[in-house]
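S.K.: Next comes upload.cif, mmCIF, C-alpha atoms and all ligand atoms:
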```
data_run
loop_
_atom_site.label_atom_id
_atom_site.label_comp_id
_atom_site.auth_asym_id
_atom_site.auth_seq_id
_atom_site.Cartn_x
_atom_site.Cartn_y
_atom_site.Cartn_z
CA MET A 1347 3.20 58.84 15.90
CA ARG A 1348 6.38 57.04 16.92
CA PHE A 1349 6.15 53.26 16.96
CA THR A 1350 9.08 50.86 16.58
CA VAL A 1351 8.93 47.22 15.54
CA ALA A 1352 12.23 45.45 16.32
CA ILE A 1353 12.76 42.16 14.48
CA ASP A 1354 15.78 39.99 15.22
CA GLY A 1355 16.79 36.52 14.18
CA PRO A 1356 19.39 34.43 12.38
CA ALA A 1357 20.16 34.50 8.65
CA ALA A 1358 17.31 33.43 6.35
CA SER A 1359 14.80 33.04 9.19
CA GLY A 1360 12.25 35.10 7.26
CA LYS A 1361 12.73 38.27 9.29
CA GLY A 1362 13.36 40.44 6.22
CA THR A 1363 10.20 39.22 4.48
CA ILE A 1364 8.17 39.81 7.63
CA ALA A 1365 9.71 43.26 8.13
CA ARG A 1366 8.88 44.33 4.57
CA ALA A 1367 5.32 43.00 4.86
CA LEU A 1368 4.72 44.84 8.16
CA ALA A 1369 6.11 48.07 6.72
CA ALA A 1370 3.79 47.81 3.71
CA ARG A 1371 0.73 46.86 5.77
CA PHE A 1372 1.09 49.57 8.45
CA GLY A 1373 2.83 52.26 6.38
CA PHE A 1374 6.04 52.15 8.46
CA ALA A 1375 9.53 52.89 7.14
CA HIS A 1376 11.78 49.81 6.94
CA LEU A 1377 15.50 49.48 7.63
CA ASP A 1378 17.35 46.24 6.86
CA THR A 1379 20.22 46.76 9.29
CA GLY A 1380 22.18 43.78 7.91
CA LEU A 1381 22.71 45.88 4.82
CA LEU A 1382 24.71 48.39 6.90
CA TYR A 1383 27.20 45.70 7.94
CA ARG A 1384 27.28 44.24 4.44
CA ALA A 1385 28.05 47.69 3.02
CA VAL A 1386 30.80 48.31 5.59
CA ALA A 1387 32.50 45.04 4.63
CA ALA A 1388 32.08 45.71 0.90
CA ARG A 1389 33.81 49.09 1.13
CA GLY A 1390 37.08 47.31 1.94
CA GLY A 1391 39.92 49.05 3.80
CA ASP A 1392 39.51 49.95 7.47
CA PRO A 1393 36.00 48.79 8.53
CA VAL A 1394 35.81 51.30 11.39
CA GLU A 1395 36.53 54.17 8.99
CA ALA A 1396 33.98 52.70 6.53
CA ALA A 1397 31.30 52.53 9.25
CA ARG A 1398 31.96 56.13 10.29
CA SER A 1399 31.66 57.45 6.75
CA LEU A 1400 28.92 55.19 5.36
CA THR A 1401 26.62 56.93 2.84
CA PRO A 1402 23.24 55.95 1.35
CA ALA A 1403 25.06 55.21 -1.94
CA ASP A 1404 27.07 52.47 -0.17
CA LEU A 1405 23.79 50.65 0.50
CA GLU A 1406 23.07 50.53 -3.24
CA ARG A 1407 26.27 48.68 -4.16
CA PRO A 1408 25.70 45.57 -6.29
CA GLY A 1409 26.52 42.20 -4.72
CA LEU A 1410 25.57 43.05 -1.14
CA ARG A 1411 23.06 40.16 -0.96
CA THR A 1412 25.46 37.33 -1.77
CA LEU A 1413 26.51 34.62 0.72
CA ALA A 1414 30.08 35.91 0.64
CA ALA A 1415 28.93 39.45 1.49
CA GLY A 1416 26.97 38.01 4.43
CA GLN A 1417 30.04 36.18 5.74
CA ALA A 1418 32.19 39.29 5.39
CA ALA A 1419 29.48 41.33 7.16
CA SER A 1420 29.44 38.99 10.15
CA ARG A 1421 33.22 39.47 10.55
CA VAL A 1422 33.12 43.30 10.61
CA ALA A 1423 29.97 43.13 12.79
CA ALA A 1424 32.06 41.67 15.64
CA ILE A 1425 34.18 44.86 15.85
CA PRO A 1426 32.84 47.07 18.69
CA GLU A 1427 33.85 50.37 17.01
CA VAL A 1428 32.01 49.38 13.83
CA ARG A 1429 28.81 48.69 15.81
CA ALA A 1430 29.18 51.90 17.82
CA ALA A 1431 29.48 53.97 14.64
CA LEU A 1432 26.14 52.63 13.36
CA VAL A 1433 24.05 53.02 16.53
CA ALA A 1434 22.91 56.65 16.18
CA PHE A 1435 21.70 56.23 12.61
CA GLN A 1436 19.63 53.15 13.56
CA ARG A 1437 18.14 54.80 16.67
CA ASP A 1438 17.17 57.93 14.74
CA PHE A 1439 15.55 55.77 12.09
CA ALA A 1440 13.64 53.80 14.76
CA ARG A 1441 12.10 56.91 16.31
CA ARG A 1442 11.15 58.67 13.09
CA GLU A 1443 7.65 60.06 12.78
CA GLY A 1444 5.17 57.58 11.25
CA GLY A 1445 6.61 54.33 12.64
CA ALA A 1446 9.54 52.13 11.71
CA VAL A 1447 10.44 48.47 11.36
CA LEU A 1448 14.09 47.48 11.79
CA ASP A 1449 15.37 43.97 11.28
CA GLY A 1450 18.75 42.64 12.37
CA ARG A 1451 20.43 40.81 15.24
CA ASP A 1452 20.50 43.30 18.14
CA ILE A 1453 17.54 45.60 17.48
CA GLY A 1454 15.42 44.51 20.47
CA THR A 1455 18.40 44.00 22.78
CA VAL A 1456 20.74 46.95 22.05
CA ILE A 1457 19.43 49.40 19.46
CA CYS A 1458 15.77 49.72 20.57
CA PRO A 1459 15.20 48.03 23.93
CA GLU A 1460 12.15 50.33 24.24
CA ALA A 1461 10.55 49.15 20.97
CA GLU A 1462 6.76 48.79 21.18
CA VAL A 1463 6.95 45.37 19.47
CA LYS A 1464 9.87 42.92 19.57
CA LEU A 1465 9.85 39.79 17.48
CA PHE A 1466 12.50 37.09 17.37
CA VAL A 1467 12.06 35.19 14.11
CA THR A 1468 13.80 31.85 13.86
CA ALA A 1469 13.72 28.51 11.99
CA SER A 1470 15.83 25.35 11.94
CA PRO A 1471 19.27 25.73 10.30
CA GLU A 1472 18.26 23.15 7.65
CA MET A 1473 15.12 25.06 6.68
CA ARG A 1474 16.97 28.38 6.60
CA ALA A 1475 19.71 26.91 4.42
CA HIS A 1476 17.09 25.42 2.11
CA ARG A 1477 15.40 28.81 1.71
CA ARG A 1478 18.72 30.57 1.02
CA TRP A 1479 19.60 27.87 -1.50
CA LEU A 1480 16.27 28.31 -3.32
CA GLU A 1481 17.04 32.03 -3.51
CA LEU A 1482 20.72 31.93 -4.45
CA GLY A 1483 21.36 28.43 -5.82
CA GLY A 1484 24.76 26.72 -5.44
CA ASP A 1485 25.48 23.63 -3.34
CA GLU A 1486 22.88 23.18 -0.56
CA ALA A 1487 25.30 21.42 1.83
CA GLU A 1488 27.75 24.31 1.44
CA VAL A 1489 24.94 26.83 2.08
CA LEU A 1490 24.04 24.92 5.29
CA ALA A 1491 27.69 24.95 6.42
CA GLN A 1492 27.82 28.73 5.86
CA VAL A 1493 24.53 29.29 7.70
CA ARG A 1494 25.86 27.34 10.70
CA GLU A 1495 29.18 29.20 10.65
CA ARG A 1496 27.46 32.58 10.56
CA ASP A 1497 25.02 31.55 13.34
CA ARG A 1498 27.98 30.58 15.50
CA ARG A 1499 29.88 33.80 14.85
CA ASP A 1500 26.79 35.97 15.47
CA ALA A 1501 25.73 34.12 18.63
CA GLU A 1502 29.17 33.77 20.21
CA ARG A 1503 30.60 37.25 19.68
CA ALA A 1504 31.31 39.28 22.80
CA ILE A 1505 29.40 42.37 21.71
CA ALA A 1506 25.66 42.42 20.89
CA PRO A 1507 25.41 38.65 20.34
CA LEU A 1508 22.34 37.26 18.59
CA ARG A 1509 19.77 36.41 21.25
CA PRO A 1510 16.11 37.23 21.87
CA ALA A 1511 15.26 40.18 24.11
CA PRO A 1512 13.63 38.88 27.32
CA ASP A 1513 10.26 40.31 26.26
CA ALA A 1514 10.45 39.35 22.55
CA VAL A 1515 7.74 37.21 20.99
CA ILE A 1516 9.41 34.15 19.43
CA LEU A 1517 8.16 33.25 15.97
CA ASP A 1518 9.49 29.90 14.75
CA THR A 1519 8.80 29.81 11.01
CA THR A 1520 10.23 26.32 10.34
CA LEU A 1521 6.82 24.84 9.57
CA MET A 1522 5.06 28.04 8.54
CA SER A 1523 4.31 29.41 5.11
CA VAL A 1524 5.30 33.01 4.44
CA GLU A 1525 1.61 33.97 4.61
CA GLU A 1526 1.16 32.34 8.02
CA ALA A 1527 4.27 33.96 9.46
CA VAL A 1528 3.28 37.39 8.13
CA ALA A 1529 -0.28 37.01 9.44
CA LYS A 1530 0.99 36.16 12.94
CA ALA A 1531 3.37 39.13 12.94
CA GLU A 1532 0.64 41.47 11.68
CA ALA A 1533 -1.72 40.32 14.44
CA ILE A 1534 0.93 41.03 17.10
CA VAL A 1535 1.59 44.55 15.76
CA ALA A 1536 -2.14 45.31 15.35
CA SER A 1537 -2.75 44.30 18.98
CA ARG A 1538 -0.15 46.82 20.22
CA LEU A 1539 -0.98 49.78 17.99
O1 LIG B 1601 20.76 40.08 8.15
P1 LIG B 1601 21.97 39.87 7.26
O2 LIG B 1601 22.18 38.45 6.85
O3 LIG B 1601 21.99 40.81 6.09
O4 LIG B 1601 23.22 40.30 8.17
C1 LIG B 1601 24.55 40.13 7.77
C2 LIG B 1601 25.44 40.08 9.00
O5 LIG B 1601 25.48 41.37 9.61
C3 LIG B 1601 24.96 39.14 10.10
O6 LIG B 1601 25.44 37.83 9.95
C4 LIG B 1601 25.48 39.80 11.37
O7 LIG B 1601 26.79 39.39 11.67
C5 LIG B 1601 25.52 41.26 11.02
N1 LIG B 1601 24.44 42.01 11.64
C6 LIG B 1601 24.58 42.41 12.94
N2 LIG B 1601 23.64 43.18 13.54
C7 LIG B 1601 22.53 43.54 12.86
C8 LIG B 1601 22.35 43.11 11.53
C9 LIG B 1601 23.32 42.32 10.94
O8 LIG B 1601 25.58 42.08 13.58
N3 LIG B 1601 21.64 44.32 13.47
#
```
Translate this file's structure into structure tokens.
Ligand code: C5P

M.R.:
Amino acid sequence: MRFTVAIDGPAASGKGTIARALAARFGFAHLDTGLLYRAVAARGGDPVEAARSLTPADLERPGLRTLAAGQAASRVAAIPEVRAALVAFQRDFARREGGAVLDGRDIGTVICPEAEVKLFVTASPEMRAHRRWLELGGDEAEVLAQVRERDRRDAERAIAPLRPAPDAVILDTTLMSVEEAVAKAEAIVASRL
């Protein structure tokens, strides 16, 4: 069976948690596509060359989850050749036998416009910054400033900007617990399987 769940949304919206929960519940493979861009930035040197020669070991590098790695990722993610080099891998993953969940910024719009389920997971910038701060610590006002900066860069870039696919289901998790958000997402997938 081939079945793709495309989950997009801004940083710390809860899309990664929802993606992991759906993968576990339905037995799908999961790809956190943000990790690809984080790994490209972390390699240093020419980002296009890094994207073309990315290996599974690059995704295991320590430090890929930090705020700084996220900022660096959003810079290399605006380079069209970097995005182009990562398309085939993501599409192959999406159509693998047994079902797949991919989360990112352009999964429903560019990578898998044919996905059986498209979710756009969002929350207010303040709530997303608060969640990131609980996870990583630091100064909450600074975390909020970084969240806003990354939102702007991701939404305003010329190529594959962050936006919901026209047929995506919007899930605003601002006032939802993790359990509620996961339950809603599970119900949507179950209804399409
Ligand atoms: O989701 P995550 O915070 O790990 O993503 C890091 C950065 O990678 C994002 O801010 C975005 O610029 C970029 N990204 C992207 N397209 C994706 C996934 C991530 O441009 N599909």

S.K.: Pick out the residues sitting within 7 Å of range 1428-1434 of chain A, and hand them over as a VMD selection string; count only C-alpha atoms, and ignore anything fewer than 6 positions along from it in its own chain.

M.R.: chain A and resid 1393 to 1394 1397 to 1398 1422 1457

S.K.: Go through chain A and flag each residue having an atom no more than 6 Å from ligand LIG 1601 (chain B); for those, report the closest pair of atoms plus their distance in Å to one decimal, using all atoms listed in the file, ordered by chain and rising number, as JSON lines.

M.R.:
```
{"residue": "A:Ala1357", "atom": "CA", "partner": "B:LIG1601", "partner_atom": "O2", "distance": 4.8}
{"residue": "A:Thr1379", "atom": "CA", "partner": "B:LIG1601", "partner_atom": "C8", "distance": 4.8}
{"residue": "A:Gly1380", "atom": "CA", "partner": "B:LIG1601", "partner_atom": "O3", "distance": 3.5}
{"residue": "A:Leu1381", "atom": "CA", "partner": "B:LIG1601", "partner_atom": "O3", "distance": 5.3}
{"residue": "A:Tyr1383", "atom": "CA", "partner": "B:LIG1601", "partner_atom": "O5", "distance": 4.9}
{"residue": "A:Arg1384", "atom": "CA", "partner": "B:LIG1601", "partner_atom": "C1", "distance": 6.0}
{"residue": "A:Gly1416", "atom": "CA", "partner": "B:LIG1601", "partner_atom": "C1", "distance": 4.6}
{"residue": "A:Ala1419", "atom": "CA", "partner": "B:LIG1601", "partner_atom": "C2", "distance": 4.6}
{"residue": "A:Ser1420", "atom": "CA", "partner": "B:LIG1601", "partner_atom": "O7", "distance": 3.1}
{"residue": "A:Ala1423", "atom": "CA", "partner": "B:LIG1601", "partner_atom": "O8", "distance": 4.6}
{"residue": "A:Gly1450", "atom": "CA", "partner": "B:LIG1601", "partner_atom": "N3", "distance": 3.5}
{"residue": "A:Arg1451", "atom": "CA", "partner": "B:LIG1601", "partner_atom": "N3", "distance": 4.1}
{"residue": "A:Asp1452", "atom": "CA", "partner": "B:LIG1601", "partner_atom": "N3", "distance": 4.9}
{"residue": "A:Ile1453", "atom": "CA", "partner": "B:LIG1601", "partner_atom": "N3", "distance": 5.9}
{"residue": "A:Arg1496", "atom": "CA", "partner": "B:LIG1601", "partner_atom": "O6", "distance": 5.7}
{"residue": "A:Asp1500", "atom": "CA", "partner": "B:LIG1601", "partner_atom": "O7", "distance": 5.1}
```

S.K.: Could those selected residues go to a file with C-alpha atoms, as an mmCIF file, in the frame of the given file?

M.R.:
```cif
data_model
loop_
_atom_site.group_PDB
_atom_site.id
_atom_site.type_symbol
_atom_site.label_atom_id
_atom_site.label_comp_id
_atom_site.auth_asym_id
_atom_site.auth_seq_id
_atom_site.Cartn_x
_atom_site.Cartn_y
_atom_site.Cartn_z
ATOM 1 C CA ALA A 1357 20.160 34.500 8.650
ATOM 2 C CA THR A 1379 20.220 46.760 9.290
ATOM 3 C CA GLY A 1380 22.180 43.780 7.910
ATOM 4 C CA LEU A 1381 22.710 45.880 4.820
ATOM 5 C CA TYR A 1383 27.200 45.700 7.940
ATOM 6 C CA ARG A 1384 27.280 44.240 4.440
ATOM 7 C CA GLY A 1416 26.970 38.010 4.430
ATOM 8 C CA ALA A 1419 29.480 41.330 7.160
ATOM 9 C CA SER A 1420 29.440 38.990 10.150
ATOM 10 C CA ALA A 1423 29.970 43.130 12.790
ATOM 11 C CA GLY A 1450 18.750 42.640 12.370
ATOM 12 C CA ARG A 1451 20.430 40.810 15.240
ATOM 13 C CA ASP A 1452 20.500 43.300 18.140
ATOM 14 C CA ILE A 1453 17.540 45.600 17.480
ATOM 15 C CA ARG A 1496 27.460 32.580 10.560
ATOM 16 C CA ASP A 1500 26.790 35.970 15.470
#
```

S.K.: So what do you get for CA of Ala1469 in chain A versus CA of Ser1359 in chain A, distance-wise?

M.R.: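 It comes out at 5.4 Å.
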
S.K.: Calculate how many Å separate CA of Phe1466 in chain A from CA of Ser1523 in chain A, rounding to one decimal.

M.R.: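 Spanning CA of Phe1466 in chain A to CA of Ser1523 in chain A is a straight-line distance of 16.6 Å.
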
S.K.: In terms of the shortest atom-to-atom distance over only C-alpha atoms, which of A:Leu1413, A:Ser1537, A:Thr1519, A:Leu1368 is closest to Leu1490 in chain A?

M.R.: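 Answer, going by the shortest atom-to-atom distance: A:Leu1413.
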
S.K.: Quick one: distance from CA of Ala1440 in chain A to CA of Thr1520 in chain A in Å, one decimal?

M.R.: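 Result for CA of Ala1440 in chain A versus CA of Thr1520 in chain A: 28.0 Å, one decimal.
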
S.K.: Let me make sure I understand: among A:Arg1538, A:Arg1371, A:Arg1421, A:Arg1442, which one has the smallest atom-to-atom distance to Asp1497 in chain A if we use all atoms listed in the file?

M.R.: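 Closest to Asp1497 in chain A of all the choices is A:Arg1421.
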
S.K.: Closest to Pro1459 in chain A among A:Ala1506, A:Ala1352, A:Val1447, A:Val1524, using all atoms listed in the file?

M.R.: A:Ala1352

S.K.: Please provide the set of residues having any atom within 12 Å of Glu1443 in chain A, restricted to all atoms listed in the file, with same-chain residues fewer than 5 positions apart removed, written as a list in words.

M.R.: Met1347, Arg1348, Phe1349, Thr1350, Gly1373, Phe1374, Ala1375 and Asp1438 of chain A

S.K.: Using all atoms listed in the file, list the residues that have an atom at most 7 Å from (6.3, 36.2, 18.0), coordinates as in the file, as number ranges by chain.

M.R.: A: 1465-1466, 1514-1517, 1531

S.K.: May I have the protein, DNA and RNA residues with an atom at most 9 Å from (4.7, 39.9, 7.2), counting all atoms listed in the file in the file's coordinates, returned as a list of chain:residue names?

M.R.: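 Collected hits near the coordinates: A:Gly1360, A:Lys1361, A:Gly1362, A:Thr1363, A:Ile1364, A:Ala1365, A:Arg1366, A:Ala1367, A:Leu1368, A:Ala1369, A:Ala1370, A:Arg1371, A:Val1524, A:Glu1525, A:Glu1526, A:Ala1527, A:Val1528, A:Ala1529, A:Lys1530, A:Ala1531, A:Glu1532.
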